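Trainee: The following block contains the structure, expressed as structure tokens.
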Number of protein chains: 2
Amino acid sequence: MSAGTYTAAILIIGDEILSGRTVDQNTPWIAEKLSDHGIKLREVRVVSDDYTDIIHAVNELRAHCTYLITTGGIGPTHDDITAAAIAQAFDVPVKEDPEARKILEDYYGTTDLNEARLKMAAVPEGAALIDNPVSGAPGFKMENVYVLAGVPRIMQGMLEGFLDGLAGGDPMLSNTITCDLFESQVAKDLGTLQSGYPDVSIGSYPQYRGGILGLSLVLRTTDAALLASATADVIALIENLGGTASAVNIRDEETKARDTG
Amino acid sequence: MSAGTYTAAILIIGDEILSGRTVDQNTPWIAEKLSDHGIKLREVRVVSDDYTDIIHAVNELRAHCTYLITTGGIGPTHDDITAAAIAQAFDVPVKEDPEARKILEDYYGTTDLNEARLKMAAVPEGAALIDNPVSGAPGFKMENVYVLAGVPRIMQGMLEGFLDGLAGGDPMLSNTITCDLFESQVAKDLGTLQSGYPDVSIGSYPQYRGGILGLSLVLRTTDAALLASATADVIALIENLGGTASAVNIRDEETKARDTG
């Protein structure tokens, strides 16, 4: 089964990314985990702590993707409105979950379980809890929507607990070939080459490194033989145009080593 | 006029962020520029090089926000489909722009202006060009949609050329107060304080620094007097709870210094 069969979206909830204050570290981490698990990340959205925007995004993305992962807004403060917004998106009430309350009691002790902390036991009716191995207060799951914390370390602990249980396809394999040609030099031949490999996604990414404009060609597919063949053809293409394929990053080799290690 | 009057969305187009390969550097840079210009960044989306996803996002975001800024997908290769997708979103054809062709001829010389490079002169009918001071090939503007390159240095050069011409409100001012309390300790009083300052957005952001869970409280408003008053109240709130407001970052002071410098 190809990775394209399983898709995901990430919804990042909170003003801190939109204000420019915080750089989003969650997307690249989740993206790589999903890719290794054979789930294609189709879209990322960042919205503020606003009911209308959260509800609209949740309902669009959960309908379009196999999985929706949200981060942020499940803490104890006034700006943490994710649980209430998700409940509205599913048209159910928010209720205190006895299991979540028990988790918080065990974590904080009953005397330290103040009103603010108890807010973290309130989840949409029908939600299943997601374990938080880092800081107690659980995330939750409603149908195909996985609601996680925004703090990267807590989010990562939550996601690692359930990712292996998600249905996924073959892991995405990729090679990156860096060369000393301009995009416009390779464009025509690369387009022809792409047409011959409909099941390999070939991306072309110019970038500045040390003030020099360079070019990375990234090949992605779930088929190792196709990847090897397309990689060899791209290297030949570069050399035919007088370029040097100066770096080949075989990420799938690392992935394989991890999987079998 | 308040900053909330003018809103923007960013649409990042390309597979490289979704694959986890590249960390999005464009959002924080654009977010800060918009904030200083009195434009509230309402939403960010990342979609892949896919016509359906680009067209859907462009049409939703340009209808919901004063400005839509897109980055990526305007180069010469087969995966650069942004111009064609924007044209479809506006239901107009793509046409070679004589001014854009002239810019490319001047930049590359007529003999080096190959078919791939000429693709960068093709923009949606009715588009106005956006100057590219870094690498020649222009971006373009269709109504309230600003279509920029994805390479950060090139995108920045383009945006700096037109940002001052955009209508904006008062610059957003912000203070960040870091303290040694847990979110759940400040939650109740902070909620009450927020209710008393409806025109100040107060965000609460826990984070790990060196393995220690800390807390930043971020106050944002366009009104300097309100900001000063709310900041003093938040510091008093922390001290009343036995905490120490260990760092106050007065970002608006930096902004003011820049504006008057």
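If you're wondering about the labels, chains in the structure tokens are A, B, ... by order shown, residues count from 1 in each chain, ligands from 1 in order shown.
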As a PyMOL selection string, please: the residues near region 163-172 of chain A (cut-off 12 Å, only C-alpha atoms, same-chain neighbours under 6 positions excluded).

Mentor: (chain A and resi 1-8+30-41+66-69+130-131+144-146+155-157+199-201+219-224+227+251-253+255-256+259) or (chain B and resi 19-20)

Trainee: Store the residues picked out above in a file with C-alpha atoms, as a short mmCIF file (atom, residue, chain, number, x, y, z; two decimals), in the first residue's frame.

Mentor:
data_model
loop_
_atom_site.label_atom_id
_atom_site.label_comp_id
_atom_site.auth_asym_id
_atom_site.auth_seq_id
_atom_site.Cartn_x
_atom_site.Cartn_y
_atom_site.Cartn_z
CA MET A 1 0.00 0.00 0.00
CA SER A 2 1.46 3.36 -0.94
CA ALA A 3 2.09 6.12 1.57
CA GLY A 4 -0.29 8.34 -0.34
CA THR A 5 -3.19 6.26 0.95
CA TYR A 6 -2.74 7.60 4.48
CA THR A 7 -2.69 11.35 4.91
CA ALA A 8 -2.42 13.71 7.86
CA ILE A 30 5.96 15.40 13.44
CA ALA A 31 6.51 15.45 9.66
CA GLU A 32 9.50 13.15 9.89
CA LYS A 33 7.74 10.75 12.27
CA LEU A 34 4.71 10.55 9.95
CA SER A 35 6.89 10.06 6.88
CA ASP A 36 8.73 7.16 8.51
CA HIS A 37 5.35 5.70 9.42
CA GLY A 38 4.06 5.84 5.83
CA ILE A 39 1.67 8.75 6.42
CA LYS A 40 1.82 11.68 3.99
CA LEU A 41 1.60 15.10 5.64
CA THR A 66 -6.93 10.29 7.45
CA TYR A 67 -5.58 11.88 10.63
CA LEU A 68 -5.57 15.36 12.12
CA ILE A 69 -3.00 16.17 14.80
CA ILE A 130 -3.88 10.23 25.18
CA ASP A 131 -1.16 9.43 27.70
CA ASN A 144 -9.52 10.83 13.74
CA VAL A 145 -8.44 13.98 15.61
CA TYR A 146 -5.47 13.71 18.01
CA MET A 155 3.85 16.76 22.44
CA GLN A 156 6.61 14.33 21.45
CA GLY A 157 5.95 12.08 24.45
CA ASP A 199 5.62 7.48 -8.73
CA VAL A 200 8.68 9.46 -7.63
CA SER A 201 8.17 13.02 -6.40
CA LEU A 219 13.54 12.44 -4.68
CA ARG A 220 10.78 10.83 -2.63
CA THR A 221 9.01 7.52 -3.12
CA THR A 222 8.08 4.42 -1.14
CA ASP A 223 9.75 2.15 -3.73
CA ALA A 224 13.46 1.53 -3.04
CA LEU A 227 14.40 5.55 -5.89
CA ARG A 251 18.16 9.26 4.14
CA ASP A 252 16.41 5.93 3.56
CA GLU A 253 19.63 4.13 4.53
CA THR A 255 15.80 4.98 8.21
CA LYS A 256 16.46 1.34 7.37
CA ASP A 259 14.16 0.15 11.64
CA SER B 19 8.36 16.41 4.28
CA GLY B 20 10.14 17.67 7.40
#

Trainee: Run DSSP on the backbone and give me the residues of region 7-219 of chain A it puts in alpha helix (DSSP H), as a PyMOL selection string.

Mentor: chain A and resi 15-18+26-36+51-64+82-90+98-108+115-118+152-162+183-196

Trainee: Separation of CA of Leu215 (chain A) and CA of Glu43 (chain A), in Å?

Mentor: 24.5 Å

Trainee: Tell me, which residues of region 9-253 of chain A carry DSSP strand (DSSP E or B), written as an MDAnalysis selection string?

Mentor: chainID A and resid 9:13 40:47 67:71 94:96 122:124 128:130 139:142 145:148 173:179 201:209 212:221 245:250

Trainee: Could you make a table, as JSON lines, of the residues of region 142-200 of chain A that have an atom within 12 Å of an atom of region 109-129 of chain B, each with its nearest atom pair and distance in Å to one decimal, counting only C-alpha atoms, in chain and number order?

Mentor:
{"residue": "A:Phe182", "atom": "CA", "partner": "B:Arg117", "partner_atom": "CA", "distance": 10.3}
{"residue": "A:Glu183", "atom": "CA", "partner": "B:Ala116", "partner_atom": "CA", "distance": 8.5}
{"residue": "A:Ser184", "atom": "CA", "partner": "B:Ala116", "partner_atom": "CA", "distance": 5.4}
{"residue": "A:Gln185", "atom": "CA", "partner": "B:Ala116", "partner_atom": "CA", "distance": 7.7}
{"residue": "A:Val186", "atom": "CA", "partner": "B:Ala116", "partner_atom": "CA", "distance": 8.6}
{"residue": "A:Ala187", "atom": "CA", "partner": "B:Ala116", "partner_atom": "CA", "distance": 5.9}
{"residue": "A:Lys188", "atom": "CA", "partner": "B:Ala116", "partner_atom": "CA", "distance": 6.3}
{"residue": "A:Asp189", "atom": "CA", "partner": "B:Ala116", "partner_atom": "CA", "distance": 10.0}
{"residue": "A:Leu190", "atom": "CA", "partner": "B:Ala116", "partner_atom": "CA", "distance": 10.7}
{"residue": "A:Gly191", "atom": "CA", "partner": "B:Ala116", "partner_atom": "CA", "distance": 9.9}

Trainee: Which is closer to Gly14 (chain B) than all the others in A:Leu193, A:Ala84, A:Val234, A:Val44, using only C-alpha atoms?

Mentor: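 When distances to Gly14 (chain B) are compared using only C-alpha atoms, the smallest one comes from A:Val44.
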
Trainee: When you count only C-alpha atoms, which of these residues is closest to chain A: B:Leu181, B:Ile74, B:Leu61, B:Ile202?

Mentor: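 Selected residue with least distance to chain A: B:Ile202.
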
Trainee: Need the shell around Thr82 (chain B): protein/DNA/RNA residues with any atom at most 8 Å away, counting only C-alpha atoms. Skip same-chain ones fewer than 3 positions apart. Format as a PyMOL selection string?

Mentor: chain B and resi 13+49+54+72-74+85-86

Trainee: Measuring atom to atom with only C-alpha atoms, identify which of A:Lys95, A:Ile103, A:Tyr51, A:Arg209 is nearest to Ile81 (chain A).

Mentor: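 Under the stated criterion, the closest residue is A:Tyr51.
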
Trainee: From the list B:Ala225, B:Val92, B:Val46, B:Ala63, which residue is nearest Ile12 (chain A) when using only C-alpha atoms?

Mentor: B:Val46
